[in-house]
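Participant: Quick one, target-v4.cif (mmCIF, C-alpha atoms and all ligand atoms):
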data_structure
loop_
_atom_site.label_atom_id
_atom_site.label_comp_id
_atom_site.auth_asym_id
_atom_site.auth_seq_id
_atom_site.Cartn_x
_atom_site.Cartn_y
_atom_site.Cartn_z
CA MET V 11 3.98 38.56 36.97
CA ASN V 12 7.19 39.83 38.58
CA ALA V 13 10.25 40.68 36.59
CA GLY V 14 12.09 37.56 37.69
CA ARG V 15 9.35 35.27 36.54
CA PHE V 16 9.03 37.15 33.30
CA ALA V 17 12.73 36.76 32.63
CA TRP V 18 12.45 33.08 33.39
CA GLY V 19 9.56 32.83 30.93
CA ILE V 20 11.66 34.42 28.24
CA ALA V 21 14.54 32.11 29.02
CA ALA V 22 12.20 29.11 28.81
CA ALA V 23 10.81 30.35 25.50
CA ALA V 24 14.32 30.83 24.25
CA LEU V 25 15.13 27.32 25.30
CA LEU V 26 12.06 26.07 23.49
CA GLY V 27 13.08 28.23 20.59
CA LEU V 28 16.47 26.63 20.66
CA ALA V 29 14.78 23.29 20.61
CA ALA V 30 12.80 24.26 17.53
CA PRO V 31 15.60 23.92 14.98
CA THR V 32 16.15 20.37 16.17
CA GLY V 33 12.45 19.69 15.65
CA ALA V 34 12.57 21.34 12.24
CA ALA V 35 15.66 19.34 11.37
CA ARG V 36 13.73 16.23 12.22
CA ALA V 37 11.01 17.21 9.77
CA ASP V 38 13.86 17.67 7.33
CA ASP V 39 15.14 14.12 7.77
CA ILE V 40 14.92 11.82 4.80
CA LYS V 41 12.57 9.04 5.81
CA ILE V 42 12.70 5.68 4.10
CA GLY V 43 9.84 3.27 4.71
CA VAL V 44 11.33 -0.23 4.62
CA ILE V 45 8.85 -3.04 3.97
CA LEU V 46 10.29 -6.53 4.45
CA THR V 47 9.18 -10.02 5.48
CA TYR V 48 10.70 -9.66 8.96
CA SER V 49 8.62 -12.60 10.22
CA GLY V 50 7.46 -15.87 8.70
CA ALA V 51 9.07 -18.23 6.20
CA PHE V 52 11.01 -15.42 4.46
CA ALA V 53 12.38 -13.75 7.59
CA ASP V 54 15.98 -14.77 6.77
CA ASN V 55 15.78 -13.00 3.41
CA ALA V 56 14.57 -9.85 5.21
CA ARG V 57 17.34 -10.01 7.78
CA GLU V 58 19.91 -10.32 4.99
CA ILE V 59 18.58 -7.23 3.21
CA ASP V 60 18.51 -5.42 6.55
CA ASN V 61 22.13 -6.37 7.20
CA GLY V 62 23.14 -5.09 3.75
CA MET V 63 21.43 -1.75 4.39
CA ALA V 64 22.99 -1.51 7.85
CA LEU V 65 26.48 -2.28 6.55
CA TYR V 66 26.25 0.45 3.91
CA MET V 67 25.08 2.98 6.50
CA LYS V 68 27.80 1.91 8.92
CA GLN V 69 30.42 2.52 6.24
CA HIS V 70 28.98 5.78 4.90
CA GLY V 71 27.30 7.36 7.91
CA ASP V 72 23.64 8.21 8.39
CA THR V 73 23.78 11.68 6.86
CA VAL V 74 23.71 12.51 3.14
CA ALA V 75 23.86 16.04 1.69
CA GLY V 76 23.41 17.35 5.25
CA LYS V 77 20.25 15.31 5.85
CA LYS V 78 19.81 12.50 8.29
CA ILE V 79 18.58 9.19 6.88
CA VAL V 80 15.92 7.57 9.01
CA LEU V 81 14.69 4.04 8.28
CA ILE V 82 11.13 3.23 9.36
CA LYS V 83 10.85 -0.55 9.24
CA ARG V 84 7.61 -2.49 8.80
CA ASP V 85 6.96 -6.24 8.73
CA SER V 86 4.88 -7.39 5.76
CA THR V 87 4.97 -10.95 7.20
CA GLY V 88 4.91 -13.57 4.40
CA ALA V 89 3.36 -13.26 0.95
CA ALA V 90 0.66 -10.85 2.14
CA PRO V 91 -0.15 -8.22 -0.48
CA ASP V 92 -2.98 -6.68 1.58
CA VAL V 93 -0.64 -6.17 4.52
CA ALA V 94 2.11 -4.76 2.31
CA LYS V 95 -0.31 -2.32 0.70
CA ARG V 96 -1.68 -1.12 4.04
CA LEU V 97 1.84 -0.67 5.41
CA ALA V 98 2.88 1.31 2.32
CA GLN V 99 -0.22 3.53 2.67
CA GLU V 100 0.47 4.16 6.35
CA LEU V 101 4.12 4.90 5.76
CA VAL V 102 3.21 7.42 3.07
CA THR V 103 0.24 9.17 4.69
CA ARG V 104 1.08 8.95 8.40
CA ASP V 105 4.86 8.72 8.55
CA LYS V 106 5.30 10.86 5.43
CA VAL V 107 8.19 8.80 4.12
CA ASN V 108 10.11 10.19 1.15
CA LEU V 109 10.88 6.77 -0.30
CA LEU V 110 9.72 3.19 0.03
CA ALA V 111 12.31 0.40 -0.07
CA GLY V 112 12.94 -3.29 0.59
CA PHE V 113 10.55 -5.96 -0.79
CA VAL V 114 11.57 -9.61 -0.71
CA LEU V 115 8.47 -11.02 -2.41
CA THR V 116 6.83 -10.06 -5.69
CA PRO V 117 3.19 -10.09 -4.46
CA ASN V 118 4.11 -7.57 -1.75
CA ALA V 119 6.07 -5.39 -4.16
CA LEU V 120 3.18 -5.37 -6.66
CA ALA V 121 0.72 -4.32 -3.94
CA ALA V 122 2.96 -1.50 -2.73
CA ALA V 123 3.56 -0.43 -6.35
CA GLU V 124 -0.03 0.82 -6.47
CA VAL V 125 0.71 3.14 -3.55
CA SER V 126 3.97 4.28 -5.17
CA ARG V 127 2.12 5.12 -8.39
CA GLU V 128 -0.91 6.82 -6.86
CA ALA V 129 0.95 8.77 -4.17
CA ARG V 130 3.98 9.40 -6.46
CA VAL V 131 6.49 7.94 -4.02
CA PRO V 132 9.84 6.61 -5.27
CA MET V 133 10.30 2.94 -4.38
CA VAL V 134 13.56 0.96 -4.45
CA ILE V 135 13.26 -2.81 -4.97
CA MET V 136 16.04 -4.71 -3.18
CA ASN V 137 14.99 -8.23 -4.13
CA ALA V 138 11.53 -8.95 -5.66
CA ALA V 139 12.42 -10.19 -9.14
CA THR V 140 9.37 -10.54 -11.37
CA SER V 141 9.88 -8.58 -14.56
CA ILE V 142 6.64 -6.54 -14.50
CA ILE V 143 7.19 -4.93 -11.08
CA THR V 144 9.00 -1.90 -12.47
CA THR V 145 6.21 -1.30 -15.02
CA ARG V 146 3.61 -0.90 -12.27
CA SER V 147 4.76 2.56 -11.15
CA PRO V 148 6.96 5.12 -12.91
CA TYR V 149 8.58 5.72 -9.51
CA ILE V 150 10.00 2.21 -9.07
CA VAL V 151 13.72 1.50 -9.42
CA ARG V 152 15.18 -2.02 -9.06
CA VAL V 153 18.75 -2.81 -7.99
CA SER V 154 18.39 -6.60 -7.54
CA PHE V 155 17.72 -8.72 -10.64
CA THR V 156 14.88 -10.24 -12.64
CA LEU V 157 14.13 -13.91 -13.15
CA PRO V 158 14.20 -13.65 -16.97
CA GLN V 159 17.52 -11.76 -16.71
CA VAL V 160 19.28 -14.66 -15.01
CA THR V 161 17.28 -17.48 -16.63
CA VAL V 162 17.80 -16.72 -20.33
CA PRO V 163 21.62 -16.92 -20.12
CA LEU V 164 21.32 -20.27 -18.30
CA ALA V 165 18.95 -21.72 -20.92
CA GLN V 166 21.32 -20.61 -23.68
CA TRP V 167 24.32 -22.01 -21.84
CA ALA V 168 22.54 -25.37 -21.40
CA ALA V 169 21.62 -25.58 -25.09
CA ARG V 170 25.23 -24.81 -26.05
CA HIS V 171 26.56 -27.51 -23.71
CA GLY V 172 24.83 -30.61 -24.98
CA ILE V 173 21.63 -30.42 -22.95
CA LYS V 174 18.72 -31.24 -25.21
CA GLN V 175 15.82 -32.15 -22.92
CA VAL V 176 14.72 -30.40 -19.76
CA TYR V 177 11.94 -30.88 -17.21
CA MET V 178 10.99 -27.64 -15.46
CA MET V 179 10.02 -27.34 -11.78
CA THR V 180 9.21 -23.83 -10.66
CA SER V 181 7.18 -22.09 -7.96
CA ASP V 182 3.56 -21.34 -8.81
CA TYR V 183 3.67 -17.57 -8.43
CA ALA V 184 4.84 -14.67 -10.55
CA PRO V 185 8.65 -15.10 -10.39
CA GLY V 186 8.30 -18.85 -11.02
CA HIS V 187 6.06 -18.15 -14.01
CA ASP V 188 8.64 -15.67 -15.28
CA ALA V 189 11.47 -18.18 -14.86
CA ALA V 190 9.57 -21.00 -16.60
CA ALA V 191 8.47 -18.82 -19.52
CA ALA V 192 11.97 -17.36 -19.99
CA PHE V 193 13.65 -20.77 -19.82
CA GLU V 194 11.22 -22.40 -22.24
CA LYS V 195 11.43 -19.57 -24.77
CA ALA V 196 15.22 -19.31 -24.78
CA PHE V 197 15.87 -23.06 -24.60
CA THR V 198 13.48 -24.04 -27.41
CA ALA V 199 14.73 -21.14 -29.55
CA ALA V 200 18.22 -22.66 -29.18
CA GLY V 201 16.94 -26.10 -30.29
CA GLY V 202 16.20 -27.64 -26.87
CA GLN V 203 13.03 -29.47 -25.88
CA ILE V 204 10.91 -29.08 -22.74
CA VAL V 205 9.72 -32.59 -21.85
CA GLY V 206 7.37 -31.46 -19.10
CA LYS V 207 6.84 -28.86 -16.41
CA VAL V 208 5.25 -28.43 -13.05
CA ALA V 209 4.34 -25.38 -10.99
CA MET V 210 4.79 -26.08 -7.25
CA PRO V 211 2.84 -24.22 -4.54
CA LEU V 212 4.48 -21.24 -2.85
CA ALA V 213 2.98 -21.96 0.57
CA ASN V 214 4.32 -25.00 2.45
CA PRO V 215 5.27 -27.09 -0.57
CA ASP V 216 5.92 -30.81 -0.08
CA PHE V 217 8.40 -31.52 -2.84
CA ALA V 218 8.39 -35.34 -2.65
CA ALA V 219 5.73 -36.03 -5.30
CA TYR V 220 7.15 -33.43 -7.69
CA VAL V 221 10.67 -34.79 -7.41
CA GLN V 222 9.43 -38.35 -7.84
CA ARG V 223 7.65 -37.39 -11.05
CA ALA V 224 10.86 -35.80 -12.35
CA GLY V 225 12.76 -38.98 -11.47
CA ASP V 226 10.19 -41.19 -13.23
CA LEU V 227 10.40 -39.12 -16.42
CA LYS V 228 14.20 -39.51 -16.50
CA PRO V 229 14.89 -36.25 -18.33
CA GLN V 230 18.44 -35.32 -19.22
CA ALA V 231 18.21 -32.26 -16.97
CA VAL V 232 15.85 -30.36 -14.70
CA PHE V 233 15.51 -26.60 -14.41
CA LEU V 234 14.54 -25.34 -10.95
CA PHE V 235 13.35 -22.11 -9.40
CA VAL V 236 12.05 -21.77 -5.86
CA PRO V 237 12.43 -18.58 -3.84
CA ALA V 238 15.51 -18.30 -1.64
CA GLY V 239 14.88 -18.94 2.03
CA GLN V 240 13.87 -22.29 3.47
CA GLN V 241 12.56 -23.97 0.32
CA PRO V 242 15.82 -24.61 -1.57
CA VAL V 243 17.20 -26.72 1.28
CA ALA V 244 14.03 -28.84 1.44
CA LEU V 245 13.98 -29.24 -2.35
CA MET V 246 17.60 -30.35 -2.65
CA LYS V 247 17.23 -32.65 0.35
CA THR V 248 14.34 -34.33 -1.47
CA PHE V 249 16.43 -34.75 -4.64
CA ALA V 250 19.16 -36.40 -2.53
CA GLU V 251 16.72 -38.64 -0.62
CA GLN V 252 15.29 -39.93 -3.87
CA GLY V 253 18.75 -40.72 -5.18
CA LEU V 254 18.63 -38.16 -7.98
CA THR V 255 21.67 -36.07 -7.12
CA ARG V 256 24.20 -38.73 -8.15
CA SER V 257 22.07 -40.34 -10.87
CA GLY V 258 23.54 -38.48 -13.83
CA LEU V 259 20.55 -36.15 -13.89
CA LYS V 260 21.85 -32.64 -14.54
CA ILE V 261 20.45 -29.98 -12.24
CA LEU V 262 20.11 -26.46 -13.57
CA ALA V 263 18.68 -23.67 -11.42
CA THR V 264 18.67 -19.97 -10.80
CA GLY V 265 21.06 -18.95 -8.03
CA ASP V 266 18.10 -18.57 -5.67
CA VAL V 267 18.28 -22.35 -5.21
CA THR V 268 21.97 -22.39 -4.25
CA ASP V 269 21.77 -19.18 -2.21
CA ASP V 270 25.03 -18.66 -0.31
CA ALA V 271 22.99 -18.20 2.88
CA VAL V 272 21.94 -21.86 2.90
CA LEU V 273 24.40 -23.61 0.58
CA GLN V 274 26.54 -24.85 3.44
CA SER V 275 23.57 -26.57 5.06
CA MET V 276 22.68 -28.30 1.76
CA GLY V 277 26.11 -29.84 1.67
CA ASP V 278 26.75 -32.65 -0.80
CA ALA V 279 23.16 -32.51 -2.10
CA ALA V 280 24.10 -29.32 -3.95
CA LEU V 281 27.41 -30.44 -5.46
CA GLY V 282 27.57 -29.97 -9.23
CA ILE V 283 24.38 -27.91 -9.60
CA ILE V 284 24.78 -25.39 -12.41
CA THR V 285 23.17 -22.04 -11.72
CA SER V 286 23.04 -18.52 -13.09
CA HIS V 287 22.86 -15.45 -10.89
CA HIS V 288 24.21 -11.97 -10.31
CA TYR V 289 26.18 -12.60 -7.11
CA SER V 290 28.34 -15.24 -5.48
CA PHE V 291 30.18 -14.40 -2.27
CA VAL V 292 33.36 -15.90 -3.77
CA HIS V 293 33.17 -13.48 -6.73
CA GLU V 294 36.71 -12.31 -7.37
CA SER V 295 37.12 -8.55 -7.29
CA PRO V 296 38.68 -5.97 -4.95
CA GLU V 297 35.18 -4.55 -4.26
CA ASN V 298 33.88 -7.94 -3.21
CA ASP V 299 36.96 -8.78 -1.10
CA ALA V 300 36.39 -5.58 0.87
CA PHE V 301 32.66 -6.23 1.12
CA VAL V 302 33.05 -9.79 2.40
CA THR V 303 35.67 -8.68 4.96
CA GLN V 304 33.54 -5.78 6.20
CA TYR V 305 30.48 -8.00 6.39
CA ALA V 306 32.31 -10.55 8.50
CA LYS V 307 33.53 -7.75 10.80
CA ALA V 308 30.02 -6.38 11.22
CA PHE V 309 28.07 -9.61 11.48
CA GLY V 310 30.62 -12.18 12.65
CA THR V 311 29.07 -15.58 12.55
CA GLU V 312 26.92 -14.77 9.55
CA SER V 313 30.06 -14.10 7.61
CA ARG V 314 28.63 -15.12 4.22
CA PRO V 315 26.93 -12.22 2.51
CA ALA V 316 24.26 -13.72 0.25
CA PHE V 317 22.65 -12.04 -2.77
CA ASN V 318 19.93 -10.48 -0.60
CA VAL V 319 22.62 -8.73 1.44
CA VAL V 320 23.99 -7.24 -1.78
CA GLY V 321 20.44 -6.14 -2.70
CA GLY V 322 20.13 -4.16 0.53
CA TYR V 323 23.67 -2.80 0.31
CA ASP V 324 23.35 -1.65 -3.32
CA GLY V 325 19.87 -0.30 -2.65
CA MET V 326 21.32 2.03 -0.02
CA ALA V 327 24.25 2.87 -2.32
CA ALA V 328 21.76 3.87 -5.01
CA ILE V 329 19.70 5.95 -2.57
CA TYR V 330 22.81 7.73 -1.22
CA GLN V 331 24.04 8.43 -4.75
CA ALA V 332 20.66 9.84 -5.79
CA LEU V 333 20.39 11.99 -2.66
CA THR V 334 23.88 13.36 -3.22
CA ALA V 335 22.99 14.32 -6.82
CA LEU V 336 19.76 15.93 -5.56
CA LYS V 337 21.67 17.80 -2.81
CA GLY V 338 19.19 16.27 -0.39
CA ASP V 339 16.14 17.84 -2.08
CA VAL V 340 13.50 15.10 -2.33
CA GLY V 341 10.55 17.43 -2.88
CA ASP V 342 9.85 16.43 -6.48
CA PRO V 343 9.38 12.67 -7.04
CA ASP V 344 10.05 13.04 -10.77
CA LYS V 345 13.45 14.57 -10.02
CA VAL V 346 14.15 11.86 -7.46
CA VAL V 347 13.46 9.05 -9.92
CA ALA V 348 15.44 10.91 -12.61
CA ALA V 349 18.43 10.88 -10.26
CA PHE V 350 18.42 7.07 -10.31
CA LYS V 351 18.18 6.78 -14.10
CA GLY V 352 21.46 5.84 -15.75
CA MET V 353 23.17 5.53 -12.37
CA ARG V 354 26.25 3.27 -12.20
CA ILE V 355 27.40 1.50 -9.05
CA ASP V 356 30.57 -0.53 -8.55
CA SER V 357 28.79 -3.27 -6.66
CA PRO V 358 30.42 -6.24 -4.93
CA ARG V 359 28.80 -8.30 -7.75
CA GLY V 360 30.47 -6.19 -10.49
CA PRO V 361 29.28 -2.97 -12.15
CA ILE V 362 25.54 -2.33 -12.31
CA VAL V 363 23.63 0.37 -14.19
CA ILE V 364 20.02 1.49 -13.77
CA ASP V 365 18.56 1.44 -17.29
CA PRO V 366 17.15 4.96 -17.81
CA ALA V 367 14.34 3.60 -20.01
CA THR V 368 13.06 0.81 -17.74
CA ARG V 369 14.51 1.76 -14.30
CA ASP V 370 15.60 -1.86 -14.06
CA VAL V 371 19.10 -3.12 -13.30
CA VAL V 372 21.56 -3.98 -16.08
CA GLN V 373 24.35 -6.28 -14.94
CA THR V 374 26.66 -9.22 -15.55
CA VAL V 375 25.04 -12.64 -15.19
CA TYR V 376 27.40 -15.40 -14.07
CA ILE V 377 27.16 -19.13 -14.78
CA ARG V 378 28.33 -21.02 -11.70
CA ARG V 379 28.85 -24.55 -10.41
CA VAL V 380 28.54 -25.66 -6.79
CA GLU V 381 31.92 -26.95 -5.67
CA LYS V 382 33.55 -27.79 -2.38
CA VAL V 383 36.55 -25.53 -1.92
CA ASN V 384 38.59 -25.81 1.29
CA GLY V 385 35.70 -27.59 2.96
CA GLN V 386 33.21 -24.88 1.97
CA PHE V 387 30.35 -25.30 -0.48
CA VAL V 388 30.50 -22.35 -2.84
CA ASN V 389 29.10 -21.12 -6.17
CA VAL V 390 32.19 -20.96 -8.41
CA GLU V 391 31.67 -18.56 -11.32
CA PHE V 392 33.10 -20.03 -14.55
CA ASP V 393 31.39 -18.06 -17.31
CA LYS V 394 29.81 -14.61 -17.53
CA ILE V 395 27.57 -12.57 -19.79
CA PRO V 396 28.04 -8.82 -19.29
CA ASN V 397 25.43 -6.05 -19.58
CA VAL V 398 22.33 -8.23 -19.43
CA ARG V 399 19.09 -6.23 -19.50
CA ASP V 400 15.79 -7.64 -18.32
CA PRO V 401 14.62 -9.66 -21.35
CA GLY V 402 11.11 -9.47 -19.91
CA LYS V 403 10.95 -5.87 -21.19
CA GLU V 404 11.81 -6.81 -24.78
CA LYS V 405 8.48 -8.11 -26.00
C1 LIG V 501 10.15 -12.82 -5.50
O1 LIG V 501 9.11 -13.07 -4.84
O2 LIG V 501 10.17 -11.97 -6.39
C2 LIG V 501 11.38 -13.59 -5.19
C3 LIG V 501 11.60 -14.09 -3.91
C4 LIG V 501 12.76 -14.82 -3.65
C5 LIG V 501 13.68 -15.02 -4.65
C6 LIG V 501 13.48 -14.52 -5.92
C7 LIG V 501 12.32 -13.81 -6.20
O3 LIG V 501 14.78 -15.75 -4.40
#
Could the structure of this file be written out as structure tokens, please?
Facilitator:
Amino acid sequence: MNAGRFAWGIAAAALLGLAAPTGAARADDIKIGVILTYSGAFADNAREIDNGMALYMKQHGDTVAGKKIVLIKRDSTGAAPDVAKRLAQELVTRDKVNLLAGFVLTPNALAAAEVSREARVPMVIMNAATSIITTRSPYIVRVSFTLPQVTVPLAQWAARHGIKQVYMMTSDYAPGHDAAAAFEKAFTAAGGQIVGKVAMPLANPDFAAYVQRAGDLKPQAVFLFVPAGQQPVALMKTFAEQGLTRSGLKILATGDVTDDAVLQSMGDAALGIITSHHYSFVHESPENDAFVTQYAKAFGTESRPAFNVVGGYDGMAAIYQALTALKGDVGDPDKVVAAFKGMRIDSPRGPIVIDPATRDVVQTVYIRRVEKVNGQFVNVEFDKIPNVRDPGKEK
């Protein structure tokens, strides 16, 4: 080899050497495996969570404590626990993610929880709302809500406001079971009576027969839970078609049913429904004003941030806050999960705290009524219960 070539070789090696720190920095990135229902009947929910995460990262940059945040997104399709579990395993073993995040549906979150527990990977729940999820791995933190958390205040409100008899219609899967059990327990404890109940299928439900049965029974009120997405619109359309929305029947529901993402398309069918939930996009606070404005700037036509958007946004806020406290060191999963415990976030929904004992979210639950304000159908908050913990943990 002549001297010239040798020098060139050294220069090339130096160049490669120079490239090395970039490669090493890549290994040093913080990788978050995001598992969401990007396709299928719950794709809108996934897109909303995605938008919330994207908005937070747009506002705060993609670097925390000197480390780049990289999202690796995977589609769990619909309620498909086997798919969700396989994706979580692949993200952990092959992509070597430092955290798992996302999760619209409970069955998918429960399946991935096994991976979180066995592989000791922190996992941030941005929607899935069945109480037990956080008990399935000591590395799970939830920023969204739980069905019992929002349902108990509604049952108590109903009992205090002259409602004595309720017929319950809820989805036949874990969050629906949670909602029905929580409503029945709290409502009967307050002197109310459950005159009947039905569990409706999660997959492709045809609500007509269920709504007809409710109409035939003529209860004073119904209590509803179906997962946000396409089902609430179909359900409320059926109530309207069968003449039950103006019949004097009182409709109580969790805010999943009057989700801001679809409320406008429900129109008059939703007027007067009383719900309880953790977020309405017309919530009055400086934090929410800024959030709604920024969301409209970022996503234009979809200018209504729904509760799933807040789940994604606050999930990223929680992750950024934890990473800052950890100075970017995610080597020890116990330290990572400890960084979330007791955390407080000034969310667009109001203040939230991660309960250090349960790793579940503690927050204000609002009682709302669907009203038409300036031509817009909105969930107007008119009562609130602060610092609500997940009652599902208090057995
Ligand atoms: C859930 O599967 O946990 C779930 C999905 C949609 C909701 C609420 C809960 O609106």
Participant: I'd like to know which of V:Gly352, V:Gly385, V:Pro117, V:Pro163 is closest to ligand LIG 501 (chain V), using only C-alpha atoms and all ligand atoms.
Facilitator: V:Pro117
Participant: Please find the residues contacting ligand LIG 501 (chain V) at a distance of at most 8 Å between atoms, with all atoms listed in the file counted, and report them as an MDAnalysis selection string.
Facilitator: chainID V and resid 55 114:117 137:140 156:157 183:185 236:239 265:267
Participant: Quick one: pull the distance between CA of Val398 in chain V and CA of Val160 in chain V, Å, one decimal.
Facilitator: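 Computing the Euclidean distance for CA of Val398 in chain V and CA of Val160 in chain V yields 8.4 Å.
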Participant: CA of Thr285 in chain V and CA of Pro396 in chain V are how many Å apart?
Facilitator: 16.0 Å
Participant: Residues near range 101-105 of chain V, anyone? I mean within 7 Å using all atoms listed in the file, not counting same-chain ones fewer than 3 positions away, as a list in words.
Facilitator: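 In the requested format, the answer is Gly43, Leu97 and Ala98 of chain V.
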Participant: So which residues touch range 192-194 of chain V within 9 Å, counting all atoms listed in the file, skipping near sequence neighbours fewer than 3 positions away, as a ChimeraX atom specification?
Facilitator: /V:157-159,161-166,178,187-189,197-199,202-204,233,401-402
